[in-house]
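protein-v1.cif (mmCIF, C-alpha atoms) appears below.
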data_upload
#
loop_
_atom_site.label_atom_id
_atom_site.label_comp_id
_atom_site.auth_asym_id
_atom_site.auth_seq_id
_atom_site.Cartn_x
_atom_site.Cartn_y
_atom_site.Cartn_z
CA MET Y 261 -0.73 -12.55 -2.81
CA TYR Y 262 -0.18 -12.22 0.95
CA ARG Y 263 1.63 -15.59 1.12
CA SER Y 264 3.80 -14.55 -1.83
CA ALA Y 265 4.70 -11.31 -0.04
CA ILE Y 266 5.73 -13.22 3.09
CA HIS Y 267 7.89 -15.57 1.00
CA ALA Y 268 9.57 -12.63 -0.77
CA ALA Y 269 10.34 -10.86 2.51
CA ALA Y 270 11.64 -14.06 4.10
CA ALA Y 271 13.92 -14.60 1.11
CA LEU Y 272 15.47 -11.17 1.63
CA ALA Y 273 16.17 -12.04 5.24
CA LEU Y 274 17.74 -15.39 4.35
CA VAL Y 275 20.03 -13.84 1.73
CA ALA Y 276 21.54 -11.70 4.48
CA ALA Y 277 23.25 -14.76 5.93
CA HIS Y 278 25.37 -14.95 2.75
CA VAL Y 279 26.25 -11.26 2.45
CA HIS Y 280 29.85 -10.45 3.40
CA ALA Y 281 30.86 -6.93 4.38
CA SER Y 282 34.26 -5.53 5.30
CA ALA Y 283 32.89 -2.95 7.76
CA GLU Y 284 29.84 -2.45 9.88
CA PRO Y 285 26.98 -0.38 8.46
CA ALA Y 286 25.96 2.95 10.01
CA PRO Y 287 24.23 2.62 13.44
CA PRO Y 288 20.71 3.43 12.06
CA LEU Y 289 20.92 0.53 9.56
CA ASP Y 290 20.64 -3.26 9.93
CA ARG Y 291 22.16 -5.96 7.79
CA ALA Y 292 18.68 -7.42 7.37
CA SER Y 293 15.31 -7.10 9.06
CA LEU Y 294 11.74 -8.33 8.82
CA SER Y 295 8.78 -6.40 10.27
CA LEU Y 296 5.33 -7.96 10.76
CA GLY Y 297 2.40 -5.88 11.98
CA ALA Y 298 -0.89 -4.15 11.31
CA PHE Y 299 -2.05 -0.75 10.11
CA SER Y 300 -5.14 0.75 11.82
CA THR Y 301 -7.06 3.21 9.65
CA GLU Y 302 -10.41 4.81 8.85
CA PRO Y 303 -10.55 4.41 5.05
CA ARG Y 304 -12.08 7.16 2.92
CA ILE Y 305 -13.11 5.73 -0.46
CA ASP Y 306 -14.60 7.27 -3.59
CA TYR Y 307 -15.45 4.94 -6.50
CA GLN Y 308 -17.02 5.83 -9.85
CA GLY Y 309 -17.50 3.78 -13.01
CA ASP Y 310 -19.75 3.14 -15.99
CA THR Y 311 -21.42 -0.27 -16.12
CA ASN Y 312 -24.11 -1.95 -18.21
CA TYR Y 313 -26.54 -1.02 -15.43
CA GLY Y 314 -25.66 2.66 -15.25
CA ARG Y 315 -22.94 4.60 -13.50
CA ILE Y 316 -21.82 3.67 -10.02
CA ALA Y 317 -20.91 6.82 -8.08
CA THR Y 318 -20.45 6.27 -4.36
CA GLY Y 319 -19.36 9.74 -3.31
CA SER Y 320 -16.88 10.04 -0.43
CA TYR Y 321 -17.53 6.99 1.76
CA LEU Y 322 -15.96 6.90 5.24
CA ARG Y 323 -15.68 3.40 6.67
CA GLU Y 324 -15.23 2.55 10.35
CA HIS Y 325 -11.78 1.67 11.72
CA VAL Y 326 -10.18 -1.44 10.24
CA SER Y 327 -6.83 -3.19 10.80
CA LEU Y 328 -4.82 -4.13 7.71
CA PRO Y 329 -1.90 -6.61 7.69
CA ARG Y 330 1.42 -5.10 6.68
CA LEU Y 331 4.86 -6.56 6.04
CA LYS Y 332 8.23 -4.86 5.53
CA ALA Y 333 11.74 -6.18 4.90
CA GLN Y 334 15.17 -4.59 4.40
CA LEU Y 335 18.44 -6.10 3.23
CA LEU Y 336 21.83 -4.37 2.93
CA LEU Y 337 24.09 -5.40 0.05
CA GLY Y 338 27.36 -4.07 1.39
CA ASP Y 339 27.28 -1.12 3.79
CA THR Y 340 25.50 1.66 1.89
CA GLN Y 341 23.17 -0.04 -0.61
CA GLY Y 342 20.33 -2.50 -0.30
CA LEU Y 343 16.77 -3.60 -0.98
CA ASP Y 344 13.54 -2.40 0.68
CA PHE Y 345 10.26 -4.31 0.42
CA ASP Y 346 6.81 -3.21 1.61
CA TYR Y 347 3.41 -4.88 1.24
CA TYR Y 348 -0.12 -4.33 2.55
CA ARG Y 349 -3.63 -5.40 1.58
CA TYR Y 350 -7.03 -3.78 1.99
CA ASP Y 351 -9.69 -6.53 1.90
CA LYS Y 352 -12.95 -5.35 3.49
CA THR Y 353 -16.66 -5.06 2.82
CA TYR Y 354 -17.89 -1.92 1.11
CA ASN Y 355 -21.54 -0.83 1.33
CA PRO Y 356 -22.03 2.69 -0.01
CA ALA Y 357 -25.16 4.27 -1.42
CA LEU Y 358 -25.12 4.68 -5.21
CA SER Y 359 -26.26 7.58 -7.35
CA GLY Y 360 -25.46 9.07 -10.71
CA SER Y 361 -26.15 9.19 -14.43
CA THR Y 362 -24.32 8.20 -17.60
CA ASN Y 363 -24.80 7.39 -21.26
CA ILE Y 364 -24.06 3.89 -22.59
CA ASN Y 365 -24.46 3.11 -26.31
CA GLY Y 366 -26.48 6.29 -26.72
CA LEU Y 367 -28.93 5.35 -23.95
CA PRO Y 368 -29.17 7.78 -21.01
CA LEU Y 369 -29.22 5.97 -17.66
CA THR Y 370 -29.88 7.37 -14.18
CA GLY Y 371 -30.41 5.64 -10.89
CA ASN Y 372 -29.98 5.31 -7.14
CA GLY Y 373 -29.36 2.26 -5.01
CA LYS Y 374 -26.97 0.30 -2.82
CA LEU Y 375 -23.77 -1.65 -3.42
CA ASN Y 376 -23.07 -4.66 -1.20
CA ALA Y 377 -19.53 -5.56 -2.11
CA LYS Y 378 -15.99 -6.42 -1.07
CA LEU Y 379 -13.13 -4.16 -2.12
CA LYS Y 380 -9.62 -5.61 -2.35
CA LEU Y 381 -6.49 -3.54 -2.92
CA ASP Y 382 -3.01 -5.11 -2.89
CA LEU Y 383 0.12 -2.95 -3.00
CA ALA Y 384 3.67 -4.33 -3.10
CA LYS Y 385 6.82 -2.19 -3.47
CA LEU Y 386 10.44 -3.19 -4.03
CA ALA Y 387 13.19 -0.53 -4.22
CA TYR Y 388 16.96 -0.50 -4.54
CA LYS Y 389 18.23 2.07 -2.05
CA TRP Y 390 21.42 4.10 -1.63
CA TRP Y 391 22.21 5.35 1.90
CA ILE Y 392 24.35 8.44 2.54
CA GLY Y 393 25.94 9.00 5.96
CA SER Y 394 28.04 6.98 8.38
CA ASP Y 395 27.27 8.33 11.84
CA ASN Y 396 23.91 8.39 13.66
CA ASN Y 397 22.09 9.99 10.70
CA VAL Y 398 21.62 8.53 7.22
CA VAL Y 399 19.54 9.62 4.24
CA GLY Y 400 18.38 7.20 1.57
CA VAL Y 401 17.19 7.46 -2.03
CA GLY Y 402 15.56 4.47 -3.72
CA VAL Y 403 14.21 3.53 -7.14
CA GLY Y 404 12.25 0.45 -8.03
CA ALA Y 405 8.86 -0.88 -9.04
CA ALA Y 406 5.43 -1.27 -7.50
CA TYR Y 407 2.64 -3.74 -8.22
CA TYR Y 408 -0.95 -2.90 -7.39
CA ARG Y 409 -4.18 -4.80 -7.90
CA ALA Y 410 -7.72 -3.56 -7.25
CA ARG Y 411 -10.85 -5.73 -7.27
CA LEU Y 412 -14.49 -4.99 -6.45
CA ASP Y 413 -17.10 -7.79 -6.25
CA GLY Y 414 -20.70 -7.45 -5.17
CA THR Y 415 -24.34 -6.84 -5.95
CA ALA Y 416 -25.83 -3.50 -6.94
CA SER Y 417 -29.51 -3.01 -6.20
CA GLY Y 418 -31.86 -0.06 -6.64
CA VAL Y 419 -33.85 1.84 -9.23
CA LEU Y 420 -32.52 2.39 -12.77
CA ASN Y 421 -34.57 4.65 -15.07
CA GLY Y 422 -37.56 4.09 -12.80
CA VAL Y 423 -37.28 0.26 -12.79
CA ALA Y 424 -36.29 -1.59 -9.61
CA GLY Y 425 -33.82 -4.47 -9.84
CA ASN Y 426 -30.38 -5.80 -8.94
CA ALA Y 427 -27.34 -7.14 -10.74
CA ALA Y 428 -23.98 -8.74 -9.92
CA TYR Y 429 -20.99 -6.43 -10.29
CA ASN Y 430 -17.28 -7.21 -10.45
CA GLU Y 431 -14.24 -5.29 -11.62
CA SER Y 432 -10.55 -6.19 -11.44
CA GLU Y 433 -7.40 -4.44 -12.65
CA HIS Y 434 -3.68 -4.69 -11.93
CA ALA Y 435 -0.57 -2.87 -13.11
CA TYR Y 436 3.14 -2.28 -12.53
CA ALA Y 437 4.55 1.24 -12.11
CA PRO Y 438 7.90 2.95 -11.39
CA LEU Y 439 8.65 3.81 -7.77
CA LEU Y 440 10.70 6.55 -6.09
CA GLU Y 441 11.49 6.44 -2.34
CA LEU Y 442 13.14 8.78 0.16
CA GLY Y 443 14.15 7.85 3.69
CA TRP Y 444 15.83 9.18 6.85
CA ARG Y 445 17.13 7.17 9.83
CA HIS Y 446 18.53 8.43 13.15
CA ALA Y 447 19.98 6.32 15.96
CA VAL Y 448 19.10 8.02 19.27
CA SER Y 449 20.93 5.30 21.21
CA ASP Y 450 21.82 1.63 20.87
CA THR Y 451 18.19 0.68 21.57
CA VAL Y 452 16.13 3.58 20.12
CA ARG Y 453 15.81 4.85 16.56
CA VAL Y 454 13.51 7.26 14.72
CA TYR Y 455 12.79 7.37 11.00
CA ALA Y 456 10.79 9.03 8.21
CA ASP Y 457 9.85 7.57 4.82
CA ALA Y 458 8.13 8.90 1.70
CA SER Y 459 7.34 7.24 -1.62
CA GLY Y 460 5.64 8.03 -4.89
CA ILE Y 461 4.24 5.76 -7.60
CA LYS Y 462 3.22 7.26 -10.94
CA LYS Y 463 1.59 5.33 -13.80
CA ASN Y 464 1.00 6.92 -17.21
CA GLY Y 465 -0.34 5.19 -20.29
CA GLY Y 466 -1.74 1.69 -20.68
CA THR Y 467 -5.18 0.69 -19.44
CA ILE Y 468 -4.67 2.29 -16.02
CA ARG Y 469 -3.12 5.59 -15.04
CA GLY Y 470 -2.82 7.35 -11.70
CA HIS Y 471 -0.63 7.69 -8.65
CA ILE Y 472 -0.09 6.41 -5.12
CA TYR Y 473 1.69 8.64 -2.59
CA SER Y 474 2.59 7.59 0.95
CA GLY Y 475 4.61 8.68 3.97
CA ALA Y 476 5.41 7.48 7.48
CA LEU Y 477 7.01 8.63 10.74
CA GLY Y 478 8.10 6.06 13.28
CA VAL Y 479 10.14 5.09 16.33
CA GLU Y 480 11.88 1.75 17.02
CA TRP Y 481 12.77 0.30 20.42
CA TYR Y 482 14.91 -2.81 20.88
CA PRO Y 483 14.60 -4.52 24.27
CA THR Y 484 16.83 -7.27 22.82
CA PRO Y 485 19.45 -7.04 20.05
CA ALA Y 486 17.45 -9.29 17.71
CA VAL Y 487 13.82 -8.23 18.34
CA GLY Y 488 12.30 -4.77 18.48
CA VAL Y 489 8.95 -2.99 18.66
CA VAL Y 490 7.98 -0.31 16.13
CA ALA Y 491 5.28 2.38 16.43
CA GLU Y 492 4.45 4.37 13.29
CA TYR Y 493 1.98 6.85 11.84
CA SER Y 494 1.37 6.25 8.15
CA ALA Y 495 -0.63 8.02 5.43
CA SER Y 496 -1.32 7.14 1.80
CA LYS Y 497 -3.40 8.49 -1.07
CA THR Y 498 -4.38 6.30 -4.02
CA SER Y 499 -5.92 7.69 -7.22
CA LEU Y 500 -6.42 5.30 -10.16
CA ASN Y 501 -8.30 5.74 -13.45
CA ARG Y 502 -9.16 3.12 -16.08
CA ASN Y 503 -9.22 4.70 -19.53
CA ARG Y 504 -11.72 2.50 -21.37
CA ASP Y 505 -14.74 3.30 -19.20
CA ASN Y 506 -13.58 6.29 -17.13
CA THR Y 507 -13.58 4.30 -13.89
CA ASP Y 508 -12.04 6.11 -10.92
CA LEU Y 509 -10.89 4.75 -7.55
CA ASN Y 510 -9.72 7.21 -4.88
CA MET Y 511 -8.71 5.99 -1.43
CA ARG Y 512 -7.10 7.60 1.61
CA LEU Y 513 -5.62 5.48 4.39
CA ASN Y 514 -4.28 7.36 7.42
CA GLY Y 515 -3.55 6.04 10.88
CA PRO Y 516 -1.16 4.36 13.33
CA ALA Y 517 0.69 1.11 12.74
CA ALA Y 518 2.60 -1.26 15.01
CA TYR Y 519 5.15 -3.94 14.16
CA VAL Y 520 7.41 -6.56 15.67
CA LYS Y 521 10.80 -6.22 13.99
CA PHE Y 522 13.31 -9.05 13.72
CA ARG Y 523 16.95 -8.20 12.98
CA PHE Y 524 19.40 -10.66 11.45
#

Just give me the structure as structure tokens.
Amino acid sequence: MYRSAIHAAAALALVAAHVHASAEPAPPLDRASLSLGAFSTEPRIDYQGDTNYGRIATGSYLREHVSLPRLKAQLLLGDTQGLDFDYYRYDKTYNPALSGSTNINGLPLTGNGKLNAKLKLDLAKLAYKWWIGSDNNVVGVGVGAAYYRARLDGTASGVLNGVAGNAAYNESEHAYAPLLELGWRHAVSDTVRVYADASGIKKNGGTIRGHIYSGALGVEWYPTPAVGVVAEYSASKTSLNRNRDNTDLNMRLNGPAAYVKFRF
């Protein structure tokens, strides 16, 4: 998935070489750009789900700081419209305590234990954006689609209905959902820019429903015309529910991010 995201972003950058425009875009915008970096965060995760071994209920689990790879790409098609791409992956170990009760096939189950697992969450967004403004300030509105995939693999161990034991556990789901984006760009000077972004993903119906909201504030500095450095603070909230077994995944990722940005 990560390699595919890199290929998609690189393709956007390469297409820019074939885009002809009669005028220059607004100063806060680039013909094409590719940003590679990392997102540092302290994830807060809450996972619940019915299984054949009882209900897994982790409660709010705060993990230590982690760094997540992140990739962004932008491509203008003309001077006021273009494509925006964003991808990141959470792929870390997850070791919460388990507790809870449920009823499966008429059998009441209760238990406590430990989950030794790896949680993977991929999120990729592609939006078509319209930019309004021609001076040092522009505002953008985008619509598109998002793809997300969540997977949890591991071993649950503990006491179920008074009997000690352990069992392998794995869950995986993926879905596509509509995407809405808002953006603001301001060129402070030829070498400094500031920006703000917000996006919302809402999925209703099907096997999975839920939402993913995110926002970011950042500043860009370009020591050379082609290469810049980006500092950003980003926040996202993910809430997904699987209908067939009332499985819930809630995750908050807040923290700083840094990128190297290449302009074409």

Could you check which of Y:Ala428, Y:Ala410, Y:Leu379, Y:Leu386 is closest to Y:Leu335, using all atoms listed in the file?
Y:Leu386

Going by the chain IDs and residue numbers used in this file, which residues fall under the PyMOL selection byres ((chain Y and resi 417) around 6)? Write them as number ranges by chain.
Y: 373-374, 416, 418, 425-426

Enumerate, as a count of residues only, the residues matched when the PyMOL selection byres ((chain Y and resi 376) around 7) is run on the file above.
8

Picked residues, the PyMOL selection byres ((chain Y and resi 403) around 7), as a PyMOL selection string:
chain Y and resi 387-389+402+404+439-441

Pick out the closest residue to Y:Gly478 from this set: Y:Arg512, Y:Lys380, Y:Arg453, Y:Arg330. Count all atoms listed in the file.
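Checking each of Y:Arg512, Y:Lys380, Y:Arg453, Y:Arg330 against Y:Gly478, counting all atoms listed in the file, the winner is Y:Arg453.
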
Kindly assemble as JSON lines a list of the stretch 374-442 of chain Y residues that lie within 10 Å of stretch 288-308 of chain Y, each paired with its nearest atom pair and their distance in Å to one decimal, using only C-alpha atoms, sorted first by chain and then by ascending residue number.
{"residue": "Y:Trp391", "atom": "CA", "partner": "Y:Leu289", "partner_atom": "CA", "distance": 9.1}
{"residue": "Y:Gly393", "atom": "CA", "partner": "Y:Pro288", "partner_atom": "CA", "distance": 9.8}
{"residue": "Y:Ser394", "atom": "CA", "partner": "Y:Pro288", "partner_atom": "CA", "distance": 8.9}
{"residue": "Y:Asp395", "atom": "CA", "partner": "Y:Pro288", "partner_atom": "CA", "distance": 8.2}
{"residue": "Y:Asn396", "atom": "CA", "partner": "Y:Pro288", "partner_atom": "CA", "distance": 6.1}
{"residue": "Y:Asn397", "atom": "CA", "partner": "Y:Pro288", "partner_atom": "CA", "distance": 6.8}
{"residue": "Y:Val398", "atom": "CA", "partner": "Y:Pro288", "partner_atom": "CA", "distance": 7.1}
{"residue": "Y:Leu412", "atom": "CA", "partner": "Y:Tyr307", "partner_atom": "CA", "distance": 10.0}

So what do you get for atom CA of Y:Asn430 versus atom CA of Y:Gly465, distance-wise?
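Atom-to-atom, atom CA of Y:Asn430 and atom CA of Y:Gly465 are spaced 23.2 Å apart.
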
What is the atom CA of Y:Ser474-atom CA of Y:Gly338 distance in Å, reported with one decimal?
27.4 Å

Contact residues around Y:Gly443 with all atoms listed in the file at 10 Å, ignoring same-chain residues under 3 positions, as a ChimeraX atom specification
/Y:389-391,398-402,455-459,475-476

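The interatomic distance for the pair atom CA of Y:Leu513 and atom CA of Y:Trp444 works out to 21.9 Å.
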
Do you know which residues are at most 8 Å from Y:Val452 counting all atoms listed in the file, after dropping those on the same chain fewer than 5 positions away, and could you put them as number ranges by chain?
Y: 447, 479-482

Choose the residue, out of Y:Gly470, Y:Gly309, Y:Gly422, Y:Pro287, that has the smallest atom-to-atom separation from Y:Thr507; count all atoms listed in the file.
Y:Gly309

Which of these, Y:Ile461, Y:Asp508, Y:Tyr350, Y:Val520, has the shortest distance to Y:Val487 once you count only C-alpha atoms?
Y:Val520

Restricting the calculation to all atoms listed in the file: of Y:Ala518, Y:Ala491, Y:Ala424, Y:Leu500, which residue gets closest to Y:Lys463?
Y:Leu500

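Distances from Y:Lys462, Y:His446, Y:His434, Y:Lys352 to Y:Ala405 were compared using only C-alpha atoms, and the smallest one belongs to Y:Lys462.
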